[in-house]
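Printed here is model_33.pdb (PDB, C-alpha atoms):
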ATOM      1  CA  MET A  14       0.593  12.492  -3.397
ATOM      2  CA  LYS A  15       2.108  14.689  -0.703
ATOM      3  CA  THR A  16       0.186  16.362   2.080
ATOM      4  CA  ARG A  17       1.241  18.689   4.865
ATOM      5  CA  THR A  18       1.298  17.715   8.513
ATOM      6  CA  GLY A  19       0.593  20.125  11.371
ATOM      7  CA  SER A  20       4.338  20.795  11.739
ATOM      8  CA  GLY A  21       4.584  22.017   8.173
ATOM      9  CA  ALA A  22       6.754  19.047   7.182
ATOM     10  CA  PRO A  23       5.644  17.223   4.049
ATOM     11  CA  ALA A  24       4.151  13.777   4.629
ATOM     12  CA  ILE A  25       3.495  11.065   2.125
ATOM     13  CA  SER A  26      -0.109   9.931   2.118
ATOM     14  CA  PRO A  27      -0.640   6.191   1.757
ATOM     15  CA  ALA A  28      -1.275   4.823  -1.711
ATOM     16  CA  LYS A  29      -4.826   3.805  -2.475
ATOM     17  CA  HIS A  30      -3.675   0.345  -3.612
ATOM     18  CA  ALA A  31      -0.510  -1.656  -4.210
ATOM     19  CA  GLY A  32       0.058  -0.361  -7.722
ATOM     20  CA  VAL A  33      -0.382  -3.755  -9.359
ATOM     21  CA  TRP A  34      -1.999  -3.237 -12.746
ATOM     22  CA  LEU A  35      -2.124  -6.790 -14.119
ATOM     23  CA  PRO A  36      -4.249  -9.384 -12.329
ATOM     24  CA  PRO A  37      -1.726 -11.945 -10.996
ATOM     25  CA  PRO A  38      -3.543 -15.003 -12.424
ATOM     26  CA  LEU A  39      -2.880 -13.559 -15.887
ATOM     27  CA  ILE A  40       0.872 -13.764 -15.234
ATOM     28  CA  TYR A  41       0.582 -17.507 -14.588
ATOM     29  CA  LEU A  42      -1.628 -17.897 -17.654
ATOM     30  CA  ALA A  43       0.759 -15.905 -19.866
ATOM     31  CA  VAL A  44       3.742 -18.058 -18.875
ATOM     32  CA  PHE A  45       1.667 -21.215 -19.388
ATOM     33  CA  VAL A  46       0.704 -20.017 -22.882
ATOM     34  CA  LEU A  47       4.394 -19.324 -23.557
ATOM     35  CA  ALA A  48       5.127 -22.912 -22.475
ATOM     36  CA  LEU A  49       2.446 -24.213 -24.862
ATOM     37  CA  PHE A  50       4.014 -22.204 -27.684
ATOM     38  CA  LEU A  51       7.472 -23.537 -26.865
ATOM     39  CA  GLN A  52       6.132 -27.105 -26.627
ATOM     40  CA  ALA A  53       4.520 -26.753 -30.057
ATOM     41  CA  HIS A  54       7.719 -25.468 -31.658
ATOM     42  CA  TRP A  55      10.480 -27.165 -29.645
ATOM     43  CA  ARG A  56       9.014 -30.355 -28.278
ATOM     44  CA  LEU A  57      10.569 -31.685 -25.095
ATOM     45  CA  PRO A  58      10.208 -35.264 -23.824
ATOM     46  CA  ALA A  59       6.880 -36.171 -22.278
ATOM     47  CA  ILE A  60       6.459 -36.167 -18.525
ATOM     48  CA  PRO A  61       6.109 -39.757 -17.250
ATOM     49  CA  GLU A  62       2.504 -40.970 -17.009
ATOM     50  CA  ILE A  63       2.769 -41.707 -13.289
ATOM     51  CA  LEU A  64       3.615 -38.049 -12.629
ATOM     52  CA  SER A  65       1.098 -36.605 -15.028
ATOM     53  CA  GLY A  66      -1.762 -38.962 -14.193
ATOM     54  CA  ALA A  67      -1.413 -38.912 -10.428
ATOM     55  CA  GLY A  68       0.676 -35.844  -9.606
ATOM     56  CA  GLY A  69      -1.190 -33.383 -11.792
ATOM     57  CA  PRO A  70      -4.650 -33.849 -10.273
ATOM     58  CA  VAL A  71      -3.240 -34.019  -6.738
ATOM     59  CA  LEU A  72      -1.377 -30.732  -7.173
ATOM     60  CA  ILE A  73      -4.367 -29.048  -8.782
ATOM     61  CA  ALA A  74      -6.636 -30.178  -5.934
ATOM     62  CA  ALA A  75      -4.099 -29.042  -3.309
ATOM     63  CA  GLY A  76      -3.732 -25.655  -4.984
ATOM     64  CA  VAL A  77      -7.490 -25.147  -5.227
ATOM     65  CA  LEU A  78      -7.938 -26.076  -1.550
ATOM     66  CA  LEU A  79      -5.172 -23.705  -0.448
ATOM     67  CA  SER A  80      -6.691 -20.960  -2.565
ATOM     68  CA  ALA A  81     -10.169 -21.487  -1.124
ATOM     69  CA  TRP A  82      -8.772 -21.511   2.427
ATOM     70  CA  SER A  83      -6.865 -18.274   1.748
ATOM     71  CA  ILE A  84      -9.811 -16.533   0.098
ATOM     72  CA  GLY A  85     -12.024 -17.469   3.034
ATOM     73  CA  PHE A  86      -9.794 -15.527   5.413
ATOM     74  CA  PHE A  87      -9.789 -12.494   3.132
ATOM     75  CA  ARG A  88     -13.588 -12.595   2.947
ATOM     76  CA  ARG A  89     -13.894 -12.866   6.750
ATOM     77  CA  ALA A  90     -11.650  -9.831   7.106
ATOM     78  CA  ARG A  91     -13.788  -8.025   4.496
ATOM     79  CA  THR A  92     -10.770  -6.956   2.484
ATOM     80  CA  SER A  93     -10.316  -7.025  -1.267
ATOM     81  CA  LEU A  94      -8.838 -10.014  -3.060
ATOM     82  CA  ILE A  95      -7.944  -7.769  -5.980
ATOM     83  CA  PRO A  96      -4.555  -6.041  -5.684
ATOM     84  CA  MET A  97      -5.828  -3.137  -7.790
ATOM     85  CA  LYS A  98      -8.221  -2.205  -4.968
ATOM     86  CA  PRO A  99      -7.475  -0.876  -1.470
ATOM     87  CA  THR A 100      -6.663  -3.290   1.338
ATOM     88  CA  THR A 101      -8.650  -2.713   4.513
ATOM     89  CA  ALA A 102      -7.142  -5.363   6.796
ATOM     90  CA  LEU A 103      -3.897  -7.195   7.362
ATOM     91  CA  VAL A 104      -4.748 -10.912   7.201
ATOM     92  CA  ILE A 105      -2.347 -13.013   9.301
ATOM     93  CA  ALA A 106      -4.467 -16.026  10.305
ATOM     94  CA  GLY A 107      -5.080 -19.391   8.658
ATOM     95  CA  PRO A 108      -2.644 -20.118   5.825
ATOM     96  CA  TYR A 109      -1.153 -16.646   6.302
ATOM     97  CA  ARG A 110       0.556 -18.007   9.448
ATOM     98  CA  PHE A 111       2.769 -20.169   7.195
ATOM     99  CA  THR A 112       3.241 -18.056   4.065
ATOM    100  CA  ARG A 113       2.612 -14.382   3.347
ATOM    101  CA  ASN A 114       1.363 -15.288  -0.140
ATOM    102  CA  PRO A 115      -0.798 -18.406   0.030
ATOM    103  CA  MET A 116      -2.938 -17.323  -2.926
ATOM    104  CA  TYR A 117       0.099 -16.904  -5.187
ATOM    105  CA  LEU A 118       1.588 -20.118  -3.831
ATOM    106  CA  SER A 119      -1.698 -21.886  -4.622
ATOM    107  CA  LEU A 120      -1.488 -20.584  -8.191
ATOM    108  CA  VAL A 121       2.056 -21.976  -8.510
ATOM    109  CA  ILE A 122       0.790 -25.340  -7.278
ATOM    110  CA  VAL A 123      -2.127 -25.330  -9.755
ATOM    111  CA  TYR A 124       0.250 -24.173 -12.526
ATOM    112  CA  LEU A 125       2.606 -27.099 -11.822
ATOM    113  CA  GLY A 126      -0.336 -29.492 -11.570
ATOM    114  CA  ALA A 127      -1.616 -28.388 -14.973
ATOM    115  CA  ALA A 128       1.903 -28.687 -16.423
ATOM    116  CA  LEU A 129       2.092 -32.272 -15.195
ATOM    117  CA  LEU A 130      -1.465 -33.166 -16.155
ATOM    118  CA  PHE A 131      -1.048 -31.896 -19.720
ATOM    119  CA  GLN A 132       2.559 -33.146 -19.911
ATOM    120  CA  ILE A 133       4.081 -29.774 -20.746
ATOM    121  CA  LEU A 134       7.664 -29.990 -19.581
ATOM    122  CA  TRP A 135       8.287 -26.434 -20.793
ATOM    123  CA  ALA A 136       5.801 -25.192 -18.176
ATOM    124  CA  VAL A 137       7.697 -27.035 -15.444
ATOM    125  CA  LEU A 138      10.971 -25.528 -16.657
ATOM    126  CA  LEU A 139       9.423 -22.046 -16.777
ATOM    127  CA  THR A 140       8.159 -22.228 -13.191
ATOM    128  CA  PRO A 141      11.023 -20.029 -11.905
ATOM    129  CA  LEU A 142      10.073 -17.418 -14.516
ATOM    130  CA  VAL A 143       6.466 -17.254 -13.319
ATOM    131  CA  VAL A 144       7.583 -17.052  -9.683
ATOM    132  CA  LEU A 145      10.040 -14.245 -10.468
ATOM    133  CA  ALA A 146       7.433 -12.359 -12.500
ATOM    134  CA  VAL A 147       4.967 -12.525  -9.601
ATOM    135  CA  GLN A 148       7.693 -11.701  -7.087
ATOM    136  CA  PHE A 149       8.874  -8.556  -8.857
ATOM    137  CA  GLY A 150       5.657  -7.511 -10.601
ATOM    138  CA  VAL A 151       3.243  -8.091  -7.729
ATOM    139  CA  VAL A 152       4.617  -9.209  -4.346
ATOM    140  CA  ARG A 153       7.243  -6.477  -3.966
ATOM    141  CA  LYS A 154       4.663  -3.795  -4.781
ATOM    142  CA  GLU A 155       2.142  -5.299  -2.387
ATOM    143  CA  GLU A 156       4.715  -5.506   0.395
ATOM    144  CA  ARG A 157       5.687  -1.822  -0.030
ATOM    145  CA  TYR A 158       2.012  -0.892   0.064
ATOM    146  CA  LEU A 159       1.275  -3.026   3.127
ATOM    147  CA  HIS A 160       4.271  -1.599   4.960
ATOM    148  CA  GLU A 161       3.092   1.915   4.125
ATOM    149  CA  LYS A 162      -0.468   1.151   5.169
ATOM    150  CA  PHE A 163       0.084  -1.022   8.263
ATOM    151  CA  GLY A 164       3.573   0.049   9.351
ATOM    152  CA  GLU A 165       5.031  -1.830  12.304
ATOM    153  CA  ASP A 166       2.223  -4.423  12.303
ATOM    154  CA  PHE A 167       3.242  -5.501   8.802
ATOM    155  CA  SER A 168       6.944  -5.342   9.669
ATOM    156  CA  ARG A 169       6.415  -7.736  12.600
ATOM    157  CA  TYR A 170       4.365 -10.065  10.403
ATOM    158  CA  GLN A 171       6.966  -9.885   7.631
ATOM    159  CA  ALA A 172       9.726 -10.785  10.112
ATOM    160  CA  SER A 173       7.834 -13.797  11.448
ATOM    161  CA  VAL A 174       6.362 -15.411   8.300
ATOM    162  CA  ARG A 175       8.178 -16.436   5.116
ATOM    163  CA  ARG A 176       7.253 -14.822   1.822
ATOM    164  CA  TRP A 177       6.540 -18.049  -0.080
ATOM    165  CA  ILE A 178       7.253 -21.243   1.900
TER     166      ILE A 178
END
Representation of the structure as structure tokens:
Amino acid sequence: MKTRTGSGAPAISPAKHAGVWLPPPLIYLAVFVLALFLQAHWRLPAIPEILSGAGGPVLIAAGVLLSAWSIGFFRRARTSLIPMKPTTALVIAGPYRFTRNPMYLSLVIVYLGAALLFQILWAVLLTPLVVLAVQFGVVRKEERYLHEKFGEDFSRYQASVRRWI
């Protein structure tokens, strides 16, 4: 939507939200379901028990803890966790000092943990697909929105903190 400024020059008003229309957890779930389908039709070798039995639960626990830590900072800032709603604050503390996307990173960690736990090698192999889908379908849109909404503050943050890890 365009508006006019006092000088008569057109100005772009900020978007109301990032323009993400699919909840990001559904992307991870969709790729996991694809992996289950592939495993049922084109079985790959099982993941070794030591990895599935120990690694799976550890990764799931780590991902859940990172997610809870990240969500806590969003709640303290009183901004929406849902990318289909407006953002009211730029969160740069806690896990956001190390990665700009700790919630999406936590979902990757849980995704990999579930792949190991349930011994679905296809899910492990499809991890780059889920990361790319989130990167292009969600993160890029969110970053454009945050730059539009927070300007130089977001640019400084973006320059100082990695996108994923």
Using all atoms listed in the file, which of the listed residues (A:Ser168, A:Ser173, A:Thr92, A:Ser80) sits closest to Asn114 in chain A? A:Ser80
Distance criterion (all atoms listed in the file): nearest to Leu118 in chain A out of A:Gly32, A:Gly76, A:Pro38, A:Gly68: A:Gly76
Just want the 10 Å neighbourhood of range 136-144 of chain A, counted on only C-alpha atoms, with same-chain residues fewer than 2 positions away dropped. Output as a ChimeraX atom specification. /A:40-49,51-52,60,117-118,120-122,124-129,131-134,146-150,152,177
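We find CA of Val71 in chain A and CA of Val104 in chain A to be spaced 27.0 Å apart.
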A:Ala67, A:Val151, A:Leu145, A:Val174 ranked by distance to Val33 in chain A, top pick (using all atoms listed in the file): A:Val151
Once the PyMOL selection byres ((chain A and resi 176) around 6) has been applied to the shown file, what residues remain in the selection, as a VMD selection string? chain A and resid 112 to 113 175 177
Write the selection just made, keeping C-alpha atoms, as a PDB file, in the coordinates of the input?
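Result file follows (part34.pdb):
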ATOM      1  CA  THR A 112       3.241 -18.056   4.065  1.00  0.00           C
ATOM      2  CA  ARG A 113       2.612 -14.382   3.347  1.00  0.00           C
ATOM      3  CA  ARG A 175       8.178 -16.436   5.116  1.00  0.00           C
ATOM      4  CA  TRP A 177       6.540 -18.049  -0.080  1.00  0.00           C
TER       5      TRP A 177
END
Spatial neighbours of Thr100 in chain A, 12 Å, only C-alpha atoms, chain gap at least 2 places, as an NGL selection string: :A and (27-32 or 87-88 or 90-98 or 102-104 or 155-156 or 158-163)
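Coordinates place CA of Ser83 in chain A at a distance of 6.3 Å from CA of Pro115 in chain A.
Picture a line from CA of Ile63 in chain A to CA of Leu130 in chain A; it runs 10.0 Å.
With distances taken over all atoms listed in the file, A:Arg56 is the one residue among A:Ile73, A:Pro36, A:Arg56, A:Glu62 lying closest to Trp135 in chain A.
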Tell me, as a tab-separated table (two decimals) with C-alpha atoms, in the frame of the given file, which residues lie within 9 Å of Val123 in chain A, counting all atoms listed in the file; anything in the same chain fewer than 6 positions away does not count.
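Result went into part_16.tsv, see below:
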chain	number	residue	atom	x	y	z
A	69	GLY	CA	-1.19	-33.38	-11.79
A	70	PRO	CA	-4.65	-33.85	-10.27
A	72	LEU	CA	-1.38	-30.73	-7.17
A	73	ILE	CA	-4.37	-29.05	-8.78
A	74	ALA	CA	-6.64	-30.18	-5.93
A	75	ALA	CA	-4.10	-29.04	-3.31
A	76	GLY	CA	-3.73	-25.66	-4.98
A	77	VAL	CA	-7.49	-25.15	-5.23
Each side padded by 3 Å, which centre and which edge lengths in Å (one decimal) define the axis-aligned box around the listed atoms of range 132-149 of chain A? Give them as AutoDock Vina command-line options.
--center_x 6.8 --center_y -20.9 --center_z -13.9 --size_x 14.5 --size_y 30.6 --size_z 19.7
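The shortest atom-to-atom distance to Ala106 in chain A, with all atoms listed in the file taken into account, belongs to A:Arg89 out of A:Arg169, A:Arg89, A:Arg157, A:His54.
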